[in-house]
Each structure stands twice: as structure tokens, then as C-alpha cells.
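Shown next: data.pdb, containing PDB, C-alpha atoms.
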```pdb
ATOM      1  CA  MET B  27     -46.235 -11.800 198.581
ATOM      2  CA  ALA B  28     -43.634 -13.819 200.478
ATOM      3  CA  GLN B  29     -40.799 -11.850 202.024
ATOM      4  CA  VAL B  30     -37.203 -12.943 201.470
ATOM      5  CA  LYS B  31     -34.937 -12.677 204.506
ATOM      6  CA  SER B  32     -31.554 -14.142 205.315
ATOM      7  CA  ASN B  33     -30.635 -16.238 208.333
ATOM      8  CA  TYR B  34     -28.716 -13.228 209.689
ATOM      9  CA  GLN B  35     -31.905 -11.154 209.604
ATOM     10  CA  PHE B  36     -33.760 -13.917 211.455
ATOM     11  CA  GLU B  37     -30.989 -14.042 214.068
ATOM     12  CA  ASP B  38     -31.239 -10.258 214.474
ATOM     13  CA  MET B  39     -35.020 -10.555 214.815
ATOM     14  CA  LEU B  40     -34.686 -13.144 217.584
ATOM     15  CA  GLN B  41     -32.090 -11.020 219.352
ATOM     16  CA  LYS B  42     -34.315  -7.912 219.086
ATOM     17  CA  HIS B  43     -37.077  -9.870 220.838
ATOM     18  CA  ASN B  44     -34.697 -11.290 223.480
ATOM     19  CA  LEU B  45     -35.081 -14.849 222.212
ATOM     20  CA  LYS B  46     -32.345 -17.469 221.967
ATOM     21  CA  LYS B  47     -31.145 -18.204 218.451
ATOM     22  CA  THR B  48     -32.037 -21.885 218.111
ATOM     23  CA  ALA B  49     -32.112 -23.927 214.931
ATOM     24  CA  PRO B  50     -35.843 -24.765 215.286
ATOM     25  CA  ARG B  51     -36.779 -21.074 215.757
ATOM     26  CA  LEU B  52     -34.697 -20.078 212.745
ATOM     27  CA  ARG B  53     -36.310 -22.817 210.619
ATOM     28  CA  VAL B  54     -39.825 -21.767 211.640
ATOM     29  CA  LEU B  55     -39.049 -18.125 210.807
ATOM     30  CA  SER B  56     -37.614 -19.123 207.447
ATOM     31  CA  MET B  57     -40.682 -21.212 206.635
ATOM     32  CA  MET B  58     -43.130 -18.505 207.756
ATOM     33  CA  TYR B  59     -41.398 -15.797 205.708
ATOM     34  CA  SER B  60     -41.236 -18.023 202.615
ATOM     35  CA  LYS B  61     -45.030 -18.310 202.418
ATOM     36  CA  ASN B  62     -47.526 -15.763 201.111
ATOM     37  CA  THR B  63     -50.347 -17.358 203.093
ATOM     38  CA  ALA B  64     -50.976 -18.060 206.751
ATOM     39  CA  THR B  65     -50.063 -21.564 207.875
ATOM     40  CA  SER B  66     -51.337 -23.865 210.601
ATOM     41  CA  GLN B  67     -49.325 -25.805 213.146
ATOM     42  CA  PRO B  68     -50.328 -29.144 211.529
ATOM     43  CA  ASP B  69     -49.087 -27.833 208.149
ATOM     44  CA  LEU B  70     -45.783 -26.797 209.726
ATOM     45  CA  GLU B  71     -45.512 -30.179 211.457
ATOM     46  CA  SER B  72     -45.900 -31.969 208.128
ATOM     47  CA  VAL B  73     -42.880 -30.198 206.598
ATOM     48  CA  MET B  74     -40.808 -29.890 209.779
ATOM     49  CA  ASN B  75     -41.077 -33.439 211.033
ATOM     50  CA  ASP B  76     -37.777 -33.160 212.947
ATOM     51  CA  ILE B  77     -39.301 -30.540 215.295
ATOM     52  CA  ASP B  78     -41.644 -32.160 217.792
ATOM     53  CA  ARG B  79     -45.195 -30.888 218.270
ATOM     54  CA  VAL B  80     -44.629 -29.380 221.730
ATOM     55  CA  THR B  81     -41.518 -27.472 220.633
ATOM     56  CA  LEU B  82     -43.325 -26.146 217.574
ATOM     57  CA  TYR B  83     -46.303 -25.098 219.717
ATOM     58  CA  ARG B  84     -43.994 -23.251 222.110
ATOM     59  CA  ILE B  85     -42.177 -21.516 219.238
ATOM     60  CA  LEU B  86     -45.453 -20.333 217.686
ATOM     61  CA  ASN B  87     -46.731 -19.221 221.090
ATOM     62  CA  VAL B  88     -43.643 -17.171 221.950
ATOM     63  CA  PHE B  89     -43.494 -15.692 218.428
ATOM     64  CA  GLU B  90     -47.112 -14.583 218.806
ATOM     65  CA  GLU B  91     -46.450 -13.117 222.269
ATOM     66  CA  LYS B  92     -43.430 -11.195 220.971
ATOM     67  CA  GLY B  93     -45.296  -9.723 217.983
ATOM     68  CA  ILE B  94     -43.430 -11.691 215.317
ATOM     69  CA  ILE B  95     -46.496 -13.568 214.052
ATOM     70  CA  HIS B  96     -50.231 -13.239 214.577
ATOM     71  CA  LYS B  97     -53.004 -15.814 214.751
ATOM     72  CA  VAL B  98     -55.859 -15.906 212.254
ATOM     73  CA  PHE B  99     -58.561 -18.557 211.962
ATOM     74  CA  ASP B 100     -59.585 -20.332 208.766
ATOM     75  CA  LEU B 101     -63.117 -21.303 207.712
ATOM     76  CA  ASN B 102     -62.923 -24.479 209.853
ATOM     77  CA  GLY B 103     -61.826 -22.594 212.968
ATOM     78  CA  THR B 104     -58.246 -23.857 212.754
ATOM     79  CA  ALA B 105     -55.611 -21.430 214.020
ATOM     80  CA  ASN B 106     -53.218 -20.282 211.313
ATOM     81  CA  TYR B 107     -50.215 -18.044 211.770
ATOM     82  CA  ALA B 108     -48.932 -15.219 209.591
ATOM     83  CA  VAL B 109     -45.967 -12.883 209.801
ATOM     84  CA  CYS B 110     -46.644  -9.555 211.517
ATOM     85  CA  HIS B 111     -45.755  -6.135 210.216
ATOM     86  CA  SER B 112     -42.708  -4.573 211.780
ATOM     87  CA  ASP B 113     -44.871  -2.268 213.926
ATOM     88  CA  CYS B 114     -46.278  -5.154 215.977
ATOM     89  CA  GLN B 115     -44.916  -5.238 219.496
ATOM     90  CA  GLU B 116     -44.813  -7.676 222.354
ATOM     91  CA  ASN B 117     -48.372  -8.511 223.413
ATOM     92  CA  HIS B 118     -49.728  -5.771 221.108
ATOM     93  CA  HIS B 119     -50.450  -6.673 217.508
ATOM     94  CA  HIS B 120     -51.287  -4.246 214.723
ATOM     95  CA  ASP B 121     -52.848  -6.807 212.414
ATOM     96  CA  GLU B 122     -55.883  -4.698 211.595
ATOM     97  CA  HIS B 123     -56.153  -5.856 208.017
ATOM     98  CA  LEU B 124     -58.485  -8.064 206.051
ATOM     99  CA  HIS B 125     -58.012 -11.819 206.380
ATOM    100  CA  PHE B 126     -59.217 -13.553 203.218
ATOM    101  CA  ASN B 127     -60.238 -17.223 203.351
ATOM    102  CA  CYS B 128     -60.296 -18.930 199.937
ATOM    103  CA  THR B 129     -63.246 -21.322 199.827
ATOM    104  CA  ALA B 130     -61.587 -23.467 197.140
ATOM    105  CA  CYS B 131     -57.927 -23.946 198.127
ATOM    106  CA  LYS B 132     -58.570 -23.170 201.823
ATOM    107  CA  ASN B 133     -55.613 -20.769 202.034
ATOM    108  CA  VAL B 134     -55.783 -17.763 204.365
ATOM    109  CA  TYR B 135     -54.305 -14.503 203.079
ATOM    110  CA  CYS B 136     -53.457 -11.341 205.010
ATOM    111  CA  LEU B 137     -54.415  -8.423 202.770
ATOM    112  CA  ASN B 138     -52.220  -5.822 204.433
ATOM    113  CA  GLU B 139     -52.566  -3.307 201.622
ATOM    114  CA  LEU B 140     -56.226  -2.613 202.379
ATOM    115  CA  ASN B 141     -56.906   0.417 204.542
ATOM    116  CA  ILE B 142     -59.325  -0.538 207.263
ATOM    117  CA  PRO B 143     -61.102   2.506 208.693
ATOM    118  CA  LYS B 144     -60.732   3.175 212.399
ATOM    119  CA  LEU B 145     -63.700   1.820 214.299
ATOM    120  CA  THR B 146     -65.357   3.992 216.905
ATOM    121  CA  LEU B 147     -67.181   1.890 219.451
ATOM    122  CA  PRO B 148     -69.956   3.048 221.763
ATOM    123  CA  ALA B 149     -68.976   4.450 225.159
ATOM    124  CA  GLY B 150     -67.825   1.837 227.639
ATOM    125  CA  PHE B 151     -66.417  -0.594 225.061
ATOM    126  CA  GLU B 152     -62.645  -1.011 225.123
ATOM    127  CA  PRO B 153     -61.366  -3.031 222.148
ATOM    128  CA  GLN B 154     -58.279  -5.165 222.654
ATOM    129  CA  ALA B 155     -58.244  -6.609 219.158
ATOM    130  CA  PHE B 156     -60.429  -7.051 216.133
ATOM    131  CA  THR B 157     -60.336  -9.223 213.053
ATOM    132  CA  ILE B 158     -62.018  -8.705 209.719
ATOM    133  CA  TYR B 159     -62.633 -11.752 207.507
ATOM    134  CA  ALA B 160     -63.786 -12.187 203.941
ATOM    135  CA  SER B 161     -64.229 -15.410 202.027
ATOM    136  CA  GLY B 162     -64.403 -16.249 198.362
ATOM    137  CA  LEU B 163     -61.938 -17.209 195.658
ATOM    138  CA  CYS B 164     -58.296 -16.143 195.679
ATOM    139  CA  PRO B 165     -56.745 -14.940 192.391
ATOM    140  CA  LYS B 166     -55.233 -18.368 191.648
ATOM    141  CA  CYS B 167     -58.549 -20.182 192.131
ATOM    142  CA  SER B 168     -60.481 -17.466 190.283
ATOM    143  CA  LYS B 169     -58.233 -17.975 187.226
ATOM    144  CA  LYS B 170     -58.864 -21.717 187.370
ATOM    145  CA  GLY B 171     -62.592 -21.103 187.498
ATOM    146  CA  THR B 172     -62.783 -23.175 190.652
ATOM    147  CA  ALA B 173     -66.314 -23.405 192.014
ATOM    148  CA  LYS B 174     -67.105 -22.713 195.656
ATOM    149  CA  VAL B 175     -66.509 -25.737 197.850
ATOM    150  CA  ASN B 176     -68.960 -26.286 200.728
TER
END
```

Show me, as C-alpha cells, the structure contained in the file I just sent.
Amino acid sequence: MAQVKSNYQFEDMLQKHNLKKTAPRLRVLSMMYSKNTATSQPDLESVMNDIDRVTLYRILNVFEEKGIIHKVFDLNGTANYAVCHSDCQENHHHDEHLHFNCTACKNVYCLNELNIPKLTLPAGFEPQAFTIYASGLCPKCSKKGTAKVN
């Protein structure tokens, strides 16, 4: 579900991460927090046409580095971005949750409420990150009876 935050909370978030409070950063945060799905840079560009592509790329990049958002890929391999939990830190994400790709509407959902068991890897392997994906129909598409799109 989308989280509702005020501009003051976004300003505090930027300050906490030692980032300048710029209008484009505040707009991107507002947009990201208003959605209940991950969003791609091209999707953001289409609704934020006053922010140029390079600026938007840099904002997404620094937000990811600072642990504000995390990157997740859709079924086509396109990078999408979703809001991190508050326990994500700079250069260390805690986004160990299921990422659900809807095959009908193509939305990507972060299912944070699912408990993912801790993975124990064989000796010598040092994980830096992992991602778990599932695909199928989201609740909205399931209600519509939407068939799988190839």
C-alpha cells in the first residue's frame, strides 16, 4: 500500500541522508511514496517531464546509494525502483522480500509482509545481496479474470 508522507518528512529524509533539499528530489520522493508498485525511470519521465533524464537518473542513483529506494527488475529486465524500509542504510539494502511481477498489468510489487527465511550458503560464498521473484496475476488482475500475457 502507498505510504502518505508530507513534504516536511521528505525534507527531513533528505537531510538525514545529507542530501540537498531540491525541488526535483522532493517531487521524485513524493511520486515514489504515492505508488504501491515499483516504477521505472521511463515511467517517471513520462509524468515528470520538467525534470530532464540525466537529473532524474542522478536522483534515482543517489537515492539508491543512500538506501532510500532499491532497484528491482521487471519481466523485461527493465530496472524499476521502490521505496526502501526504514532499516536500509547507505550502500546496504535490506530488501530481502518477494518481488512480484504481474504478467497481465506488468506492475512490480514489493511484498514486504512475507517472511523470507535466512539463507545459509555453502562455505566460501559471501552474499552481498539477493532477490526473490515471483510472477503471476496481482489481486486487481485476478479479479478481472485477466489471462496471462506472453

Legend entry - Result set of the PyMOL selection byres ((chain B and resi 55) around 12) on the coordinates above, as a VMD selection string: chain B and resid 29 to 40 47 to 54 56 to 61 65 70 74 82 85 to 86 89 to 90 94 to 95 107 to 110

Inset, instruction - Calculate how many Å separate CA of Asn141 (chain B) from CA of Lys169 (chain B), rounding to one decimal. - result: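 Separating CA of Asn141 (chain B) from CA of Lys169 (chain B) is a distance of 25.3 Å.
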
Pull the closest atom pair for each residue of region 51-90 of chain B that gets at most 8 Å from region 120-140 of chain B, along with the distance in Å to one decimal, counting all atoms listed in the file, ordering rows by chain and then ascending residue number, as JSON lines.
```
{"residue": "B:Asn62", "atom": "CA", "partner": "B:Tyr135", "partner_atom": "CA", "distance": 7.2}
{"residue": "B:Thr63", "atom": "CA", "partner": "B:Tyr135", "partner_atom": "CA", "distance": 4.9}
{"residue": "B:Ala64", "atom": "CA", "partner": "B:Val134", "partner_atom": "CA", "distance": 5.4}
{"residue": "B:Thr65", "atom": "CA", "partner": "B:Val134", "partner_atom": "CA", "distance": 7.7}
```

To test the calculation: enclose all listed atoms of region 69-74 of chain B in a box whose edges run along x, y and z, add 4 Å on each side, then state centre and edge lengths in Å to one decimal, as AutoDock Vina command-line options.
```
--center_x -44.9 --center_y -29.4 --center_z 209.0 --size_x 16.3 --size_y 13.2 --size_z 12.9
```

Inset, instruction - Rounded to one decimal place, report the CA of Lys166 (chain B)-CA of Leu101 (chain B) distance in Å. - result: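 Those two atoms sit 18.1 Å apart.
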
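Across the model, the gap from CA of Gln67 (chain B) to CA of Arg84 (chain B) is 10.7 Å.
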
Report as JSON lines: every residue of region 56-114 of chain B with an atom at most 10 Å from region 158-162 of chain B, its closest pair of atoms, and their distance in Å to one decimal, counting all atoms listed in the file, with rows sorted by chain and ascending residue number.
```
{"residue": "B:Val98", "atom": "CA", "partner": "B:Tyr159", "partner_atom": "CA", "distance": 9.3}
{"residue": "B:Phe99", "atom": "CA", "partner": "B:Tyr159", "partner_atom": "CA", "distance": 9.1}
{"residue": "B:Asp100", "atom": "CA", "partner": "B:Tyr159", "partner_atom": "CA", "distance": 9.2}
{"residue": "B:Leu101", "atom": "CA", "partner": "B:Ser161", "partner_atom": "CA", "distance": 8.3}
```

Inset, instruction - Can you work out which one of B:Lys170, B:His111, B:Ile77, B:Leu145 has the shortest atom-to-atom distance to His96 (chain B), counting only C-alpha atoms? - result: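 Checking each candidate against His96 (chain B), we get B:His111 as the closest.
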
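Residue nearest Val88 (chain B), chosen from B:Ile142, B:Ala155, B:Leu45, B:Ala149 and counting all atoms listed in the file: B:Leu45.
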
Inset, instruction - May I ask which of the residues B:Thr81, B:Ser66, B:Gln154, B:Ser72 is the closest one to Lys97 (chain B), counting all atoms listed in the file? - result: B:Ser66

Inset, instruction - Would you please work out which residue, of B:Pro165, B:Pro68, B:Asn87, B:Thr157, is nearest to Thr104 (chain B) when using only C-alpha atoms? - result: B:Pro68
